[in-house]
Structures are given as structure tokens and as C-alpha cells.
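Colleague: Dumping the structure here so I can ask a few things about it.
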Amino acid sequence: MRVNLICGAVMIGAMLLQAWTGLTVGKLGYELSRAHDLTQRLDRQLNELALENSGIVKPDILAKEARKRLGLEQPQLGQIVDLP
């Protein structure tokens with residue numbers, strides 16, 4: 001009788017363990033899918049920002065923006081002083 005109860009308890013424990021691991025695997029799979037989607041979205045955003053940055057740091061574009069926004073011009077001869 002005790003052996004049957006012990007075997008039954010072990011079987012119920014094994015079924016509960018299997019159900020728990022199945023739920024955990026499903027939850028982790030969902031989280032992995034969300035992380036993968038986030039990674040793809042961030043990669044696209046990084047590519048867009050890199051493309052935007054490559055256009056901004058061109059010297060001619062920087063000079064035009066410096067003139068337009070700040071009123072800056074190229075320094076005249078004698079305005080640049082070398083420090084010792």
C-alpha cells in the first residue's frame with residue numbers, strides 16, 4: 001500500500017515537473033521572441049542614425065550649418081594664433 005502511494009506521489013510530482021518545465025519553456029520562448037524583435041528594431045534604428053550621422057559630419061554641411069545657425073565664417077589670416 002505504501003509503495004503504491006509513493007509511486008503515485010512520484011508520478012504526480014513528475015507530471016507537475018513536466019507541466020512546470022513546459023510552461024517555463026513557453027514563457028522563455030516568448031521572451032526570446034520579444035528580445036529578438038527588439039534587437040531587430042534597434043539595429044534598424046542604429047542603421048538609420050548612422051546614415052543620418054554620415055550626412056551631418058561632412059565638412060561642407062557642417063560649414064553651411066555653422067554659417068546659418070551661428071553666423072560663423074572661416075577665420076581670416078592672423079585670427080589663428082599658435083600657442084607655445
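So you can find residues: chains in the C-alpha cells are A, B, ... in the order shown, residues in each start at 1, and ligands are numbered from 1 in order.
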Apply DSSP to the structure's backbone, then extract all residues of chain A labelled alpha helix (DSSP H) and return them as a ChimeraX atom specification.
Modeller: /A:2-56,59-65
Colleague: Could you give me, as a Markdown table, a per-residue list for segment 38-65 of chain A showing, wherever an atom lies at most 12 Å from an atom of segment 73-78 of chain A, the closest pair of atoms and their distance in Å to one decimal, using only C-alpha atoms and sorting by chain then residue number from low to high?
Modeller:
| residue | atom | partner | partner_atom | distance |
| --- | --- | --- | --- | --- |
| A:Asp60 | CA | A:Gln74 | CA | 11.9 |
| A:Leu62 | CA | A:Glu73 | CA | 11.4 |
| A:Ala63 | CA | A:Glu73 | CA | 8.0 |
| A:Lys64 | CA | A:Glu73 | CA | 9.4 |
| A:Glu65 | CA | A:Glu73 | CA | 10.6 |
